[in-house]
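Report on the following structure.
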Number of protein chains: 2
Amino acid sequence: MRYHKIPDETVRRLPIYLRGLMVSADQGCEHISSQLLADSVGVDAWQIRKDLSYFGDFGTPGVGYNIERLARGIKKTLRLDAIRRAALVGVGDLGSALLAYPGFRMYGLDIVAAFDVDRQKIGAVVNGIEIEDTARIDTLKQREISLAIVAVPREAAQITVDSLVAAGVKGILNFAPCKLVAPRRIKVITLDIAMELARLPYYMPRAEQVAET
Amino acid sequence: MRYHKIPDETVRRLPIYLRGLMVSADQGCEHISSQLLADSVGVDAWQIRKDLSYFGDFGTPGVGYNIERLARGIKKTLRLDAIRRAALVGVGDLGSALLAYPGFRMYGLDIVAAFDVDRQKIGAVVNGIEIEDTARIDTLKQREISLAIVAVPREAAQITVDSLVAAGVKGILNFAPCKLVAPRRIKVITLDIAMELARLPYYMPRAEQVAET
């Protein structure tokens, strides 16, 4: 993998700051202090200042950060300053929810293709996207689609990733609860929803347990 | 908020280790080195050793970690050593996907109730769970349900959280793309799917951009 100077944890938080800045901009604000931004996004102010120091300081003492300039800086750093075309593989319940979800556009991400193996789904149109046969994943390169979302069952996940990599996809967001093998140049982010829920009990009082296993 | 001695980032990684250990146990292994565990879960070995040092060292030089003991230790630390009953609010596409998802049981999490405002959905049974009117959220305390998953539209998210808090819920996994206000004693984890996808372009080559905004 090539060298990235910004730590992964900072890259994880930058979109959170971006969302907070967009909300403030919608409310008509031009500047925001790191403390106000911290309050609105739920991250400590020192952490925000440290994260932003990695790619330049946009703050002015007493005035705070210029919202538009900071948002532009974060977008540029995250390379969200261009529209990216993405494909979805697996149009089950989760896949359908993702197709219907308006939030991706906020980050310059545009789902323009969807694939499934189910003959009953192929040809159907969901949210303006016609579902294609998974066999057609090999057309992604010529269609300039370099991002993919994998929402297939666990058993089908690795073979799906293999075909996406062969089709020139460079980044994959995987919802199947397993680790996938891909060349190092391909960035795979796995989002295991059960695992997120599994973090909650740690923060809950012991007395809430109702049954010992 | 009460004091937690393990950093949030470590709490975030522990379930990943647990899943890796479970896979190894399924394959019949009794011990695993931090390097092998690192390879299987995609986290650096030094990071694993550091994370595990927070709650006791289970490794033996030359032998590695005893898988069963380590898994039990992680489960105990994360408080996953008891079955937790959870409620789902919002049975749309995403909510239905969550109800159908078998992965929660692996972490001792059991979705036992589902709520929606849609009269057409109330009374229907999805994966063995009868969908109830959201007005009945106030019964959660007497049903000993202390965890909730929020999969409602953004506009309904805060009012949903307010009613869950009033019903005694202690931990919330929120899929609505917004920051929610809750008392400090309630742990809210927001999972913004678009935001996860927004991290991918950073790791992709500049040449993959197809249009400037």
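Chain lettering (A, B, ...) mirrors the order of the structure tokens, residue numbering begins at 1 for each chain separately, and ligand numbering begins at 1 in order of display.
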
Write out as a compact mmCIF listing (two decimals) with N, CA and C atoms, in the first residue's frame which residues come within 10 Å of Gly20 (chain B) when counting only C-alpha atoms, dropping same-chain ones fewer than 5 positions away.
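Wrote it out as around28.txt, contents follow:
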# COMPACT_ATOMS: atom_id res chain seq x y z
N CYS A 178 -17.47 -10.71 7.20
CA CYS A 178 -16.27 -11.55 7.10
C CYS A 178 -15.14 -10.71 6.54
N LYS A 179 -13.92 -11.16 6.78
CA LYS A 179 -12.77 -10.48 6.22
C LYS A 179 -12.57 -10.97 4.80
N LEU B 14 -12.13 -4.68 19.82
CA LEU B 14 -12.29 -5.96 20.52
C LEU B 14 -13.29 -6.91 19.83
N PRO B 15 -14.45 -6.41 19.34
CA PRO B 15 -15.36 -7.35 18.66
C PRO B 15 -14.74 -7.94 17.39
N ALA B 25 -11.56 -20.86 16.24
CA ALA B 25 -12.10 -21.95 17.07
C ALA B 25 -12.93 -22.90 16.21
N ASP B 26 -13.70 -22.34 15.28
CA ASP B 26 -14.51 -23.18 14.38
C ASP B 26 -13.62 -24.09 13.54
N LEU B 36 -0.77 -14.31 13.87
CA LEU B 36 -1.79 -15.02 13.09
C LEU B 36 -3.15 -14.34 13.24
N LEU B 37 -3.46 -13.93 14.47
CA LEU B 37 -4.72 -13.22 14.70
C LEU B 37 -4.71 -11.91 13.91
N ALA B 38 -3.56 -11.24 13.91
CA ALA B 38 -3.43 -9.99 13.15
C ALA B 38 -3.71 -10.22 11.67
N ASP B 39 -3.13 -11.28 11.12
CA ASP B 39 -3.34 -11.58 9.70
C ASP B 39 -4.81 -11.87 9.41
N SER B 40 -5.46 -12.55 10.36
CA SER B 40 -6.83 -12.98 10.07
C SER B 40 -7.85 -11.84 10.22
N VAL B 41 -7.53 -10.84 11.04
CA VAL B 41 -8.51 -9.76 11.24
C VAL B 41 -8.09 -8.46 10.57
N GLY B 42 -6.83 -8.39 10.10
CA GLY B 42 -6.41 -7.18 9.41
C GLY B 42 -6.07 -6.01 10.32
N ILE B 67 -7.30 -19.60 22.75
CA ILE B 67 -8.42 -18.97 22.05
C ILE B 67 -9.67 -18.90 22.91
N ALA B 71 -11.26 -15.43 24.17
CA ALA B 71 -12.62 -15.08 23.71
C ALA B 71 -13.51 -14.80 24.92

>> as number ranges by chain, please: every residue in chain B that DSSP puts in helix (DSSP H, G or I).
In response: B: 8-26, 34-41, 45-53, 67-77, 93-100, 102-107, 134-139, 154-166, 193-198, 201-203, 206-208

Please write the residues from the selection above to a file, keeping C-alpha atoms, as a compact mmCIF listing (two decimals), in the first residue's frame.
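Output saved as out_3.txt:
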# COMPACT_ATOMS: atom_id res chain seq x y z
CA ASP B 8 -13.16 3.74 22.78
CA GLU B 9 -10.90 2.76 19.89
CA THR B 10 -9.92 -0.43 21.73
CA VAL B 11 -13.58 -1.17 22.47
CA ARG B 12 -14.17 -0.73 18.75
CA ARG B 13 -11.53 -3.33 17.87
CA LEU B 14 -12.29 -5.96 20.52
CA PRO B 15 -15.36 -7.35 18.66
CA ILE B 16 -13.17 -7.71 15.55
CA TYR B 17 -10.71 -9.85 17.52
CA LEU B 18 -13.59 -11.84 18.95
CA ARG B 19 -14.93 -12.63 15.49
CA GLY B 20 -11.42 -13.71 14.38
CA LEU B 21 -11.06 -15.95 17.43
CA MET B 22 -14.46 -17.55 16.78
CA VAL B 23 -13.47 -18.36 13.19
CA SER B 24 -10.22 -19.96 14.43
CA ALA B 25 -12.10 -21.95 17.07
CA ASP B 26 -14.51 -23.18 14.38
CA SER B 34 -0.91 -12.36 17.88
CA GLN B 35 0.65 -12.38 14.39
CA LEU B 36 -1.79 -15.02 13.09
CA LEU B 37 -4.72 -13.22 14.70
CA ALA B 38 -3.43 -9.99 13.15
CA ASP B 39 -3.34 -11.58 9.70
CA SER B 40 -6.83 -12.98 10.07
CA VAL B 41 -8.51 -9.76 11.24
CA ALA B 45 -0.01 -7.40 15.77
CA TRP B 46 1.45 -4.66 18.02
CA GLN B 47 -1.97 -3.02 18.13
CA ILE B 48 -3.60 -6.29 19.16
CA ARG B 49 -1.04 -6.86 21.92
CA LYS B 50 -1.52 -3.30 23.16
CA ASP B 51 -5.33 -3.56 23.10
CA LEU B 52 -5.29 -6.85 24.99
CA SER B 53 -2.88 -5.47 27.57
CA ILE B 67 -8.42 -18.97 22.05
CA GLU B 68 -11.22 -20.03 24.35
CA ARG B 69 -9.83 -18.14 27.33
CA LEU B 70 -9.15 -15.01 25.30
CA ALA B 71 -12.62 -15.08 23.71
CA ARG B 72 -14.17 -15.45 27.17
CA GLY B 73 -12.05 -12.54 28.45
CA ILE B 74 -13.11 -10.28 25.59
CA LYS B 75 -16.76 -11.24 26.01
CA LYS B 76 -16.58 -10.49 29.71
CA THR B 77 -14.85 -7.15 29.11
CA ASP B 93 -35.89 -1.65 4.07
CA LEU B 94 -33.01 -1.24 6.49
CA GLY B 95 -35.02 -2.34 9.52
CA SER B 96 -36.23 -5.45 7.70
CA ALA B 97 -32.63 -6.27 6.75
CA LEU B 98 -31.63 -5.96 10.41
CA LEU B 99 -34.49 -8.21 11.57
CA ALA B 100 -33.42 -10.86 9.06
CA PRO B 102 -28.47 -13.65 11.92
CA GLY B 103 -25.19 -12.02 13.03
CA PHE B 104 -26.46 -10.37 16.21
CA ARG B 105 -26.80 -13.67 18.09
CA MET B 106 -23.05 -14.24 17.79
CA TYR B 107 -22.60 -11.35 20.21
CA THR B 134 -44.47 2.82 18.09
CA ALA B 135 -46.81 4.11 20.80
CA ARG B 136 -46.04 0.88 22.66
CA ILE B 137 -42.34 1.73 23.12
CA ASP B 138 -43.26 2.67 26.70
CA THR B 139 -43.62 -1.06 27.51
CA ARG B 154 -33.83 11.45 10.08
CA GLU B 155 -36.86 13.65 10.92
CA ALA B 156 -38.24 11.02 13.32
CA ALA B 157 -34.94 10.08 14.95
CA GLN B 158 -34.82 12.51 17.90
CA ILE B 159 -38.42 11.90 18.98
CA THR B 160 -37.80 8.15 18.76
CA VAL B 161 -34.71 8.46 20.96
CA ASP B 162 -36.65 10.59 23.47
CA SER B 163 -39.31 7.90 23.80
CA LEU B 164 -36.67 5.14 24.10
CA VAL B 165 -34.86 7.03 26.85
CA ALA B 166 -38.17 7.58 28.66
CA ILE B 193 -23.41 4.33 6.21
CA ALA B 194 -22.74 7.13 3.69
CA MET B 195 -19.95 8.36 5.92
CA GLU B 196 -18.22 4.98 5.81
CA LEU B 197 -18.36 5.05 2.02
CA ALA B 198 -17.02 8.62 2.12
CA PRO B 201 -11.89 7.86 -2.06
CA TYR B 202 -9.05 9.00 0.22
CA TYR B 203 -7.35 5.68 -0.42
CA ARG B 206 -6.38 10.68 -8.03
CA ALA B 207 -6.74 9.45 -11.61
CA GLU B 208 -9.96 7.66 -10.71

> In region 21-84 of chain A, what's strand (DSSP E) per DSSP? Answer as JSON, numbers by chain?
Replying inline: {"A": [31, 32, 59, 60, 64, 65, 66, 84]}

> Closest to chain A among B:Lys121, B:Arg199, B:Lys5, B:Arg143, using only C-alpha atoms?
Replying inline: B:Arg199

>> Can you pull out the residues contacting Ala87 (chain A)? Cut-off 6 Å, using only C-alpha atoms, and skip same-chain residues under 5 positions away; I want them as an MDAnalysis selection string.
In response: chainID A and resid 111 113:114 148

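Across B:Gln120, B:Ser146, B:Ser33, B:Asn66, the tightest approach to chain A is made by B:Ser146 when counting only C-alpha atoms.
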
> CA of Ile129 (chain A) and CA of Phe115 (chain A) are how many Å apart?
Replying inline: 9.8 Å

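The gap separating CA of Val112 (chain B) from CA of Glu132 (chain B) is 11.3 Å, in Å to one decimal.
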
> B:His31, B:Lys141, B:Arg79, B:Arg184: which is nearest chain A, counting only C-alpha atoms?
Replying inline: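 Distance minimum relative to chain A lands on B:Arg79.
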